[in-house]
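Participant: Just dropping this structure here.
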Amino acid sequence: MSGEREDLWQALLRSGEAVVTDEDYEHGYKREVRQDLQQYVTFRVSGEVYGLAIHEIEEISKVFQTTHVPRTADFLLGIGNVRGRIMPVIDLSRRLRLRPVERGRAARVLIVHYNEEPYGLVVDEVMDVIRIPPEAMEDKPGGLTGARAEYIRALGRNDGELVIILQLPALLDAKDFVKLAATEEGRP
């Protein structure tokens, strides 16, 4: 049988046709995979598209019941329990000072980890996991100021759509979670 293979091989070589060898295939058709692409989970909040790096999200859950905690900021819905883990749950639309929209069945809670603690972020809808190359990322514009600007890490483009990449440490700054007594009583 090896004689037949040799004869076939010799016949192919004599035919003048281009013959691809194992070496050609192995070295000529390597697919280059970019190592610099970052993955983001995209989600919608009050009609706008936001993203968090995939490594910042531990789990995506359906909306669960929370218990209100007195004297906390309006964006803190309360504390929730997911399989025995207690965590603060934040309404991301209120935290970002966006117009509230009625939550539908697509609403989800992104469970993130920050400073060794779990947090829940309520979003209107989880959309997709995307990869954004560095050349499609932009720093937040310098003219963007105010409270909302501190929550933005960068702006990315995906299929022509703008994705606002959030900065988790700013969103989860614990000093913002508690109302000041003077503010609660209406004093300046």
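Letters A, B, ... mark the chains of the structure tokens in the order given; residue numbers begin at 1 per chain; ligand numbers begin at 1, in order shown.
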Using the chain letters and numbers from this document, which residues of range 17-155 of chain A does DSSP assign to strand (DSSP E or B), as an MDAnalysis selection string?

Facilitator: chainID A and resid 38:45 48:53 57:62 66:67 72 76:82 85:91 108:114 117:123 125:132 137:139 152:155

Participant: Which parts of range 49-154 of chain A does DSSP call helix (DSSP H, G or I) when run on the backbone here, written out as a VMD selection string?

Facilitator: chain A and resid 54 to 56 92 to 95 134 to 136 148 to 151

Participant: What would the file look like if the residues just selected were written as a tab-separated table (two decimals), in the first residue's frame with all heavy atoms?

Facilitator:
chain	number	residue	atom	x	y	z
A	54	ILE	N	-15.77	41.94	31.65
A	54	ILE	CA	-16.37	40.65	32.00
A	54	ILE	C	-15.79	40.09	33.29
A	54	ILE	O	-16.49	39.44	34.06
A	54	ILE	CB	-16.26	39.65	30.83
A	54	ILE	CG1	-17.22	38.48	31.04
A	54	ILE	CG2	-14.82	39.20	30.63
A	54	ILE	CD1	-17.43	37.63	29.82
A	55	HIS	N	-14.52	40.37	33.56
A	55	HIS	CA	-13.90	39.84	34.77
A	55	HIS	C	-14.44	40.50	36.04
A	55	HIS	O	-14.23	40.00	37.14
A	55	HIS	CB	-12.37	39.95	34.71
A	55	HIS	CG	-11.87	41.35	34.68
A	55	HIS	ND1	-11.68	42.10	35.81
A	55	HIS	CD2	-11.52	42.14	33.65
A	55	HIS	CE1	-11.24	43.30	35.48
A	55	HIS	NE2	-11.13	43.35	34.16
A	56	GLU	N	-15.14	41.64	35.90
A	56	GLU	CA	-15.72	42.32	37.06
A	56	GLU	C	-17.07	41.74	37.46
A	56	GLU	O	-17.56	42.00	38.56
A	56	GLU	CB	-15.88	43.82	36.77
A	56	GLU	CG	-14.56	44.53	36.59
A	56	GLU	CD	-14.73	46.00	36.25
A	56	GLU	OE1	-15.58	46.34	35.40
A	56	GLU	OE2	-13.98	46.81	36.83
A	92	LEU	N	-29.03	50.97	39.28
A	92	LEU	CA	-28.02	51.65	38.47
A	92	LEU	C	-28.57	52.90	37.79
A	92	LEU	O	-27.86	53.89	37.63
A	92	LEU	CB	-27.41	50.69	37.45
A	92	LEU	CG	-26.01	51.02	36.96
A	92	LEU	CD1	-25.05	51.32	38.10
A	92	LEU	CD2	-25.47	49.92	36.10
A	93	SER	N	-29.86	52.92	37.43
A	93	SER	CA	-30.40	54.12	36.80
A	93	SER	C	-30.42	55.29	37.78
A	93	SER	O	-30.10	56.43	37.41
A	93	SER	CB	-31.80	53.87	36.23
A	93	SER	OG	-32.71	53.58	37.25
A	94	ARG	N	-30.74	55.03	39.03
A	94	ARG	CA	-30.70	56.11	40.03
A	94	ARG	C	-29.27	56.51	40.35
A	94	ARG	O	-28.97	57.69	40.54
A	94	ARG	CB	-31.40	55.67	41.32
A	94	ARG	CG	-32.89	55.60	41.20
A	94	ARG	CD	-33.50	55.25	42.53
A	94	ARG	NE	-34.93	55.03	42.42
A	94	ARG	CZ	-35.66	54.52	43.39
A	94	ARG	NH1	-35.10	54.18	44.54
A	94	ARG	NH2	-36.95	54.34	43.23
A	95	ARG	N	-28.39	55.53	40.43
A	95	ARG	CA	-26.98	55.83	40.75
A	95	ARG	C	-26.36	56.72	39.68
A	95	ARG	O	-25.59	57.62	39.98
A	95	ARG	CB	-26.18	54.52	40.87
A	95	ARG	CG	-24.72	54.71	41.19
A	95	ARG	CD	-24.54	55.30	42.55
A	95	ARG	NE	-23.16	55.26	42.99
A	95	ARG	CZ	-22.61	56.18	43.75
A	95	ARG	NH1	-23.32	57.21	44.18
A	95	ARG	NH2	-21.36	56.07	44.12
A	134	PRO	N	-8.50	47.77	21.31
A	134	PRO	CA	-8.03	49.04	21.90
A	134	PRO	C	-8.25	50.24	20.99
A	134	PRO	O	-8.55	51.33	21.46
A	134	PRO	CB	-6.54	48.81	22.14
A	134	PRO	CG	-6.35	47.35	22.15
A	134	PRO	CD	-7.44	46.76	21.30
A	135	GLU	N	-8.14	50.04	19.67
A	135	GLU	CA	-8.31	51.18	18.76
A	135	GLU	C	-9.76	51.67	18.69
A	135	GLU	O	-10.03	52.76	18.20
A	135	GLU	CB	-7.78	50.86	17.35
A	135	GLU	CG	-8.46	49.73	16.64
A	135	GLU	CD	-7.84	48.35	16.90
A	135	GLU	OE1	-7.03	48.20	17.82
A	135	GLU	OE2	-8.21	47.43	16.17
A	136	ALA	N	-10.71	50.89	19.20
A	136	ALA	CA	-12.11	51.30	19.22
A	136	ALA	C	-12.50	51.90	20.57
A	136	ALA	O	-13.66	52.21	20.80
A	136	ALA	CB	-13.02	50.12	18.89
A	148	ARG	N	-21.82	62.31	37.14
A	148	ARG	CA	-21.89	61.16	36.23
A	148	ARG	C	-20.56	60.85	35.57
A	148	ARG	O	-20.25	59.71	35.27
A	148	ARG	CB	-22.96	61.38	35.16
A	148	ARG	CG	-24.36	61.16	35.68
A	148	ARG	CD	-25.39	61.32	34.62
A	148	ARG	NE	-25.24	60.36	33.54
A	148	ARG	CZ	-25.92	60.43	32.42
A	148	ARG	NH1	-26.78	61.41	32.23
A	148	ARG	NH2	-25.75	59.54	31.47
A	149	ALA	N	-19.75	61.88	35.34
A	149	ALA	CA	-18.47	61.69	34.65
A	149	ALA	C	-17.52	60.80	35.44
A	149	ALA	O	-16.76	60.04	34.86
A	149	ALA	CB	-17.83	63.04	34.37
A	150	GLU	N	-17.57	60.87	36.75
A	150	GLU	CA	-16.64	60.08	37.56
A	150	GLU	C	-16.93	58.57	37.44
A	150	GLU	O	-16.06	57.76	37.71
A	150	GLU	CB	-16.68	60.49	39.03
A	150	GLU	CG	-17.97	60.12	39.74
A	150	GLU	CD	-18.04	60.66	41.15
A	150	GLU	OE1	-18.28	61.88	41.29
A	150	GLU	OE2	-17.86	59.87	42.08
A	151	TYR	N	-18.11	58.20	36.99
A	151	TYR	CA	-18.47	56.79	36.86
A	151	TYR	C	-18.02	56.19	35.53
A	151	TYR	O	-18.10	54.99	35.34
A	151	TYR	CB	-19.98	56.59	36.98
A	151	TYR	CG	-20.57	57.17	38.25
A	151	TYR	CD1	-21.75	57.90	38.20
A	151	TYR	CD2	-19.96	57.00	39.47
A	151	TYR	CE1	-22.31	58.43	39.36
A	151	TYR	CE2	-20.50	57.53	40.63
A	151	TYR	CZ	-21.68	58.25	40.57
A	151	TYR	OH	-22.21	58.76	41.71

Participant: Pick out the closest residue to Asp128 in chain A from this set: A:Leu168, A:Glu58, A:Asp176, A:Asn158. Count only C-alpha atoms.

Facilitator: A:Asn158

Participant: Which residue is closest to Glu102 in chain A? Choose from A:Leu37, A:Val45, A:Leu121, A:Ile90 and count only C-alpha atoms.

Facilitator: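 Looking only at the distances to Glu102 in chain A, the closest residue turns out to be A:Val45.
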
Participant: Do a neighbour search on range 64-71 of chain A at 12 Å with only C-alpha atoms, toss out local chain neighbours closer than 4 positions, and write the hits as an MDAnalysis selection string.

Facilitator: chainID A and resid 60 75:83 86:91 107:111 120:122 176:185

Participant: Between A:Val41, A:Ala106, A:Val49, A:Ala11, which residue has the minimum interatomic distance to Ile164 in chain A, considering only C-alpha atoms?

Facilitator: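 Smallest distance to Ile164 in chain A is found for A:Val49.
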